[in-house]
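Engineer: Pasting a structure below so you can have a look.
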There are 2 protein chains.
Amino acid sequence: MAGQKKSEPKARGGRAAKAAPNVLSHEDVMQAAVRVAPELRRRSQLLWDDRAQSTRGPKASLTPDEVVHVAMQLADEDGLSAVTMSAVSARLGFTTMAIYRYFPSKEALLDAIVDAGMGLPPRAPMPRGDWRSELAQWARAKRAMLCARPWLAELPFVAAPHGPNWLSWLEAVIDALSGTGLDSADMGEVLSILDGYTRGASDTAISLARARARGSSAAQWVSEVGADLGRAIGDPRFPHFAALLTTPSTRPTRTMDESFEFGLARVLDGIERYINASKG
Amino acid sequence: MAGQKKSEPKARGGRAAKAAPNVLSHEDVMQAAVRVAPELRRRSQLLWDDRAQSTRGPKASLTPDEVVHVAMQLADEDGLSAVTMSAVSARLGFTTMAIYRYFPSKEALLDAIVDAGMGLPPRAPMPRGDWRSELAQWARAKRAMLCARPWLAELPFVAAPHGPNWLSWLEAVIDALSGTGLDSADMGEVLSILDGYTRGASDTAISLARARARGSSAAQWVSEVGADLGRAIGDPRFPHFAALLTTPSTRPTRTMDESFEFGLARVLDGIERYINASKG
DNA sequence: TCTATTAGTGTACCGTATACACTTTATGGG
DNA sequence: CCCATAAAGTGTATACGGTACACTAATAGA
């Protein structure tokens, strides 16, 4: 019925479309990173440099950090859509255009609050643990961070300019892996697996957190999401999924956090197997 | 309006925030699904019902599907931001407000193009394969679908109303798992692991696809992303990551697709181990 | 002191979503 | 058969968001 329809020009309605073949590698990106690194240190960029230039003119009444702080506050309270230039400026007691003395555009401000919102990853434990428990800690922390600031997940991650905090999260993973004897490319792969799983599998919890931040009760969120899934019941297109919904589980219920933990253990199992195999 | 405010951590240097404890389970959602299912079949909803009601008044010159089609076209061409009510209507040759005869709000239209844009998952192979290869196929297909329509990843996934296509992708996973003897709750977990990994780990490729759709060359994208990462080099805060960037790998380069494949194998390894263990 | 430079303001403009009243068109009940 | 009803598409208006631009005012270096 709805959803798919008669054949139409584009790849819609039918089977999933094919993506363009992908010959790029992450290594290409890394090489680019190395290539441009020297030039970067010269170039100024909001996320990285505290620009303190000529002291001519009136003194600034604000700092970029104060602006970022208020913008994050608004996002925490009412979601990303509450972050408007006028809302930020109003809360600071200035006119809308004043913000533009600190950030050239809203986009630049959003870039800044993304990095600030991520914060720093938890410090590595002393004494250092094994790689597995350190990665697990990292994943839990990242998930907790995303749930605490669900608006972070509303923004494209890779596309955004990456600030120091963002890099710190990456650094922490590589740090934890540095004793494993993995090849550098393999470390990158593990990073991508772990980060991918963590972000992807936190989706439900993030959605709940977002609803909560908007003032809905958890019960309300549950029934909304449940309502979508309930359509499967009795629909001949979704026999297995409907059965999944209606078949009671034989084991004790897992909370969402426990579900994440369960999946994390599977993912780490897979990584562990590879690490052991590449040692042998 | 203003939700609950907690003490705000420092913008820059703070540790990651703690999330609220999470006692909800996916099972709660499922129970809600079962609970509301009977009522749903009565209630009308855009994504699910073709509403063909009273035939009074002038004949409609469009169908919802045509609107969705054009909106998707715009998104494919220039990204989600190109989907405005006036752009859609202009391309159809009508005034802006005409669209509102078909969709009560832009949000409803976006919900519809999300489901339409996902399309259907590839049909299960005949004869059926083993669960592992079927899950791998599924993950590849989902990734390809996301790369073909990178704007899909710009929208919150779980939060959106789930249409029939969305459910079909879920159904396919559960179908592939139905021979494994997994408990129903465990199937849900595996689904979440696989889907989480797939979406999360496709991020880089999606970002590239998005840049490509906007007209940037791959080389340009590479140097942009590389520029962010290059900041790590020479910065004392990121010793391991910088080393990762500058240390050449000892093994042949993996393309992004191969990287995804590598991670997928690890994730499936972890799942396999669990399946084997729960059989024994 | 004069002047270049910069912080913040006020205003104006454009683009976007959408409410509402209006005109037109088809149809089914009298 | 006709007209009341309901729905389709239009036109206009409003509210809001981002931001360009010109202006005022403050400050420090020449």
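We label chains A, B, ... in the order they appear in the structure tokens, count residues from 1 in each chain, and number ligands from 1 in the order shown.
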Following superposition of chain B onto chain A on all C-alpha atoms, paired in order, what is the C-alpha RMSD to one decimal in Å?
Structural biologist: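 C-alpha RMSD after optimal superposition stands at 3.8 Å.
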Engineer: Neighbours of Val70 (chain B) within 8 Å (only C-alpha atoms (C1' of nucleotides); same-chain residues fewer than 2 positions away dropped), as a count of residues only?
Structural biologist: 9
Engineer: Got a sec: who's within 12 Å of DT12 (chain D), counting only C-alpha atoms (C1' of nucleotides), leaving out chain neighbours fewer than 6 positions off, as a list of chain:residue names?
Structural biologist: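 Non-adjacent residues within range: B:Met97, C:DA19, C:DC20, C:DA21, C:DC22.
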Engineer: With C-alpha atoms (C1' of nucleotides) kept, could you save the residues just selected as a short mmCIF file (atom, residue, chain, number, x, y, z; two decimals), in the first residue's frame?
Structural biologist:
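Saved the output as out_39.cif:
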data_model
loop_
_atom_site.label_atom_id
_atom_site.label_comp_id
_atom_site.auth_asym_id
_atom_site.auth_seq_id
_atom_site.Cartn_x
_atom_site.Cartn_y
_atom_site.Cartn_z
CA MET B 97 0.09 26.20 -0.05
"C1'" DA C 19 -2.79 30.31 9.18
"C1'" DC C 20 -6.88 31.95 6.94
"C1'" DA C 21 -10.13 33.58 3.81
"C1'" DC C 22 -11.46 33.11 -0.86
#
Engineer: Please report, as CSV, each residue of chain C lying at most 7 Å from chain B, together with the nearest pair of atoms and the separation in Å rounded to one decimal; use only C-alpha atoms (C1' of nucleotides), and order rows by chain and ascending residue number.
Structural biologist:
residue,atom,partner,partner_atom,distance
C:DT25,C1',B:Pro58,CA,4.7
C:DA26,C1',B:Gly57,CA,4.5
C:DT27,C1',B:Arg56,CA,5.3
Engineer: Show which residues sit within 12 Å of Leu244 (chain B), as a ChimeraX atom specification. Count only C-alpha atoms (C1' of nucleotides), and ignore same-chain residues fewer than 5 positions away.
Structural biologist: /A:26-27,30-31,33-34,170-171,173-175,177-178,182-189,191 /B:229-230,232-233,238-239,249
Engineer: Residues within 7 Å of region 211-217 of chain B, please, as a PyMOL selection string. Count only C-alpha atoms (C1' of nucleotides); anything in the same chain fewer than 4 positions from it doesn't count.
Structural biologist: chain B and resi 77-78+207+221
Engineer: Which residue gives the smallest distance to chain B among A:Ser168, A:Ala205, A:Gly200, A:Glu272, with only C-alpha atoms counted?
Structural biologist: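 Closest candidate: A:Gly200.
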Engineer: Compute the chain D side of the contact with chain B at 7 Å, counting only C-alpha atoms (C1' of nucleotides), and hand it back as a list in words.
Structural biologist: DA6, DA7, DA8 and DG9 of chain D
Engineer: Work out how far CA of Asn165 (chain A) is from CA of Gln137 (chain A), in Å to one decimal.
Structural biologist: 17.2 Å
Engineer: Which residue out of A:Pro127, A:Gly119, A:Pro164, A:Gly181 has the minimum interatomic distance to chain B when only C-alpha atoms are used?
Structural biologist: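 Checking each candidate against chain B, we get A:Gly119 as the closest.
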Engineer: Could you tell me which of B:Trp151, B:Trp138, B:Trp48, B:Trp166 comes closest to chain A if we count only C-alpha atoms?
Structural biologist: B:Trp48
Engineer: As a ChimeraX atom specification, please: all residues of region 183-252 of chain A that backbone DSSP puts in alpha helix (DSSP H).
Structural biologist: /A:184-201,203-213,218-230,239-246
Engineer: Restrict the selected residues to N, CA and C atoms and save them as a compact mmCIF listing (two decimals), in the first residue's frame.
Structural biologist:
# COMPACT_ATOMS: atom_id res chain seq x y z
N SER A 184 48.89 0.23 12.68
CA SER A 184 48.22 1.52 12.80
C SER A 184 46.90 1.55 12.02
N ALA A 185 46.89 0.94 10.86
CA ALA A 185 45.64 0.91 10.10
C ALA A 185 44.56 0.14 10.86
N ASP A 186 44.95 -0.94 11.48
CA ASP A 186 43.99 -1.74 12.23
C ASP A 186 43.45 -0.97 13.43
N MET A 187 44.29 -0.17 14.04
CA MET A 187 43.79 0.66 15.14
C MET A 187 42.69 1.59 14.65
N GLY A 188 42.93 2.15 13.48
CA GLY A 188 41.90 3.00 12.91
C GLY A 188 40.60 2.24 12.69
N GLU A 189 40.73 1.00 12.25
CA GLU A 189 39.52 0.19 12.03
C GLU A 189 38.79 -0.06 13.33
N VAL A 190 39.54 -0.41 14.34
CA VAL A 190 38.91 -0.70 15.64
C VAL A 190 38.22 0.56 16.17
N LEU A 191 38.90 1.67 16.03
CA LEU A 191 38.29 2.93 16.43
C LEU A 191 36.95 3.13 15.73
N SER A 192 36.95 2.87 14.45
CA SER A 192 35.73 3.08 13.68
C SER A 192 34.63 2.10 14.08
N ILE A 193 35.00 0.87 14.36
CA ILE A 193 34.01 -0.12 14.81
C ILE A 193 33.39 0.33 16.13
N LEU A 194 34.26 0.66 17.07
CA LEU A 194 33.77 0.98 18.40
C LEU A 194 32.94 2.25 18.40
N ASP A 195 33.45 3.25 17.72
CA ASP A 195 32.72 4.52 17.68
C ASP A 195 31.42 4.34 16.92
N GLY A 196 31.48 3.59 15.84
CA GLY A 196 30.27 3.33 15.07
C GLY A 196 29.22 2.64 15.90
N TYR A 197 29.61 1.58 16.54
CA TYR A 197 28.65 0.86 17.37
C TYR A 197 28.10 1.77 18.46
N THR A 198 28.99 2.49 19.11
CA THR A 198 28.57 3.30 20.24
C THR A 198 27.54 4.35 19.83
N ARG A 199 27.84 5.04 18.74
CA ARG A 199 26.89 6.06 18.33
C ARG A 199 25.61 5.45 17.81
N GLY A 200 25.76 4.44 16.96
CA GLY A 200 24.57 3.84 16.38
C GLY A 200 23.67 3.20 17.42
N ALA A 201 24.27 2.48 18.33
CA ALA A 201 23.47 1.72 19.28
C ALA A 201 22.98 2.59 20.44
N ASP A 203 21.29 5.21 19.81
CA ASP A 203 20.22 5.96 19.18
C ASP A 203 18.93 5.96 19.98
N THR A 204 18.52 4.80 20.40
CA THR A 204 17.27 4.71 21.13
C THR A 204 17.34 5.50 22.42
N ALA A 205 18.43 5.31 23.13
CA ALA A 205 18.57 6.02 24.40
C ALA A 205 18.64 7.53 24.16
N ILE A 206 19.27 7.92 23.08
CA ILE A 206 19.35 9.34 22.76
C ILE A 206 17.97 9.89 22.45
N SER A 207 17.22 9.11 21.70
CA SER A 207 15.87 9.55 21.37
C SER A 207 15.04 9.74 22.63
N LEU A 208 15.19 8.81 23.55
CA LEU A 208 14.48 8.93 24.82
C LEU A 208 14.95 10.17 25.58
N ALA A 209 16.25 10.36 25.60
CA ALA A 209 16.78 11.52 26.31
C ALA A 209 16.27 12.82 25.70
N ARG A 210 16.18 12.80 24.38
CA ARG A 210 15.69 14.01 23.71
C ARG A 210 14.25 14.28 24.09
N ALA A 211 13.44 13.24 24.07
CA ALA A 211 12.04 13.41 24.45
C ALA A 211 11.94 13.95 25.88
N ARG A 212 12.78 13.38 26.73
CA ARG A 212 12.79 13.80 28.12
C ARG A 212 13.16 15.28 28.22
N ALA A 213 14.16 15.68 27.47
CA ALA A 213 14.60 17.07 27.52
C ALA A 213 13.50 18.01 27.03
N ALA A 218 8.77 9.61 30.07
CA ALA A 218 9.30 8.39 29.47
C ALA A 218 8.15 7.52 28.97
N ALA A 219 7.08 7.47 29.75
CA ALA A 219 5.94 6.63 29.37
C ALA A 219 5.37 7.08 28.03
N GLN A 220 5.31 8.37 27.86
CA GLN A 220 4.78 8.92 26.62
C GLN A 220 5.67 8.54 25.44
N TRP A 221 6.96 8.65 25.65
CA TRP A 221 7.90 8.28 24.59
C TRP A 221 7.73 6.80 24.24
N VAL A 222 7.65 5.98 25.26
CA VAL A 222 7.50 4.55 25.02
C VAL A 222 6.27 4.27 24.18
N SER A 223 5.18 4.94 24.50
CA SER A 223 3.97 4.60 23.77
C SER A 223 4.01 5.16 22.35
N GLU A 224 4.73 6.26 22.17
CA GLU A 224 4.84 6.79 20.80
C GLU A 224 5.65 5.85 19.91
N VAL A 225 6.82 5.47 20.40
CA VAL A 225 7.65 4.57 19.60
C VAL A 225 6.94 3.23 19.45
N GLY A 226 6.33 2.78 20.52
CA GLY A 226 5.61 1.52 20.46
C GLY A 226 4.50 1.56 19.42
N ALA A 227 3.86 2.70 19.30
CA ALA A 227 2.76 2.81 18.34
C ALA A 227 3.25 2.54 16.92
N ASP A 228 4.44 3.03 16.60
CA ASP A 228 4.97 2.77 15.26
C ASP A 228 5.21 1.29 15.05
N LEU A 229 5.84 0.68 16.04
CA LEU A 229 6.18 -0.73 15.89
C LEU A 229 4.94 -1.62 15.88
N GLY A 230 3.94 -1.18 16.61
CA GLY A 230 2.73 -1.97 16.70
C GLY A 230 2.04 -2.19 15.36
N PRO A 239 5.96 -10.70 9.40
CA PRO A 239 5.62 -11.83 10.28
C PRO A 239 6.64 -12.03 11.40
N HIS A 240 7.93 -12.01 11.03
CA HIS A 240 8.93 -12.30 12.05
C HIS A 240 9.02 -11.18 13.08
N PHE A 241 8.93 -9.99 12.59
CA PHE A 241 9.03 -8.88 13.53
C PHE A 241 7.83 -8.85 14.47
N ALA A 242 6.68 -9.12 13.92
CA ALA A 242 5.48 -9.17 14.77
C ALA A 242 5.62 -10.27 15.81
N ALA A 243 6.16 -11.39 15.40
CA ALA A 243 6.35 -12.49 16.35
C ALA A 243 7.32 -12.06 17.45
N LEU A 244 8.34 -11.35 17.03
CA LEU A 244 9.31 -10.87 18.01
C LEU A 244 8.63 -10.00 19.06
N LEU A 245 7.72 -9.17 18.60
CA LEU A 245 7.03 -8.27 19.52
C LEU A 245 6.12 -9.03 20.47
N THR A 246 5.50 -10.06 19.98
CA THR A 246 4.47 -10.72 20.78
C THR A 246 5.00 -11.92 21.57
Engineer: When you count only C-alpha atoms (C1' of nucleotides), which of these residues is closest to DG10 (chain C): D:DT19, D:DT10, D:DT5, D:DT24?
Structural biologist: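 Of D:DT19, D:DT10, D:DT5, D:DT24, the one nearest DG10 (chain C), counting only C-alpha atoms (C1' of nucleotides), is D:DT24.
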Engineer: When you count only C-alpha atoms, which of these residues is closest to chain B: A:Arg123, A:Arg266, A:Arg128, A:Arg143?
Structural biologist: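 Of A:Arg123, A:Arg266, A:Arg128, A:Arg143, the one nearest chain B is A:Arg266, counting only C-alpha atoms.
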Engineer: Can you tell me how far CA of Leu80 (chain B) sits from CA of Leu155 (chain A), in Å to one decimal?
Structural biologist: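 Atom-to-atom, CA of Leu80 (chain B) and CA of Leu155 (chain A) are spaced 12.9 Å apart.
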Engineer: Between CA of Ser89 (chain B) and CA of Leu152 (chain B), what is the distance, to one decimal in Å?
Structural biologist: 21.1 Å
Engineer: Could you give me, as a ChimeraX atom specification, the residues within 12 Å of DC1 (chain D), counting only C-alpha atoms (C1' of nucleotides) and dropping anything in the same chain fewer than 2 positions from it?
Structural biologist: /C:29-30 /D:3
Engineer: Compare A:Ala112, A:Ala144, A:Ile275, A:Ala82 by their minimum atom-to-atom distance to chain B, counting only C-alpha atoms, and give me the closest one.
Structural biologist: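 Distance minimum relative to chain B lands on A:Ala144.
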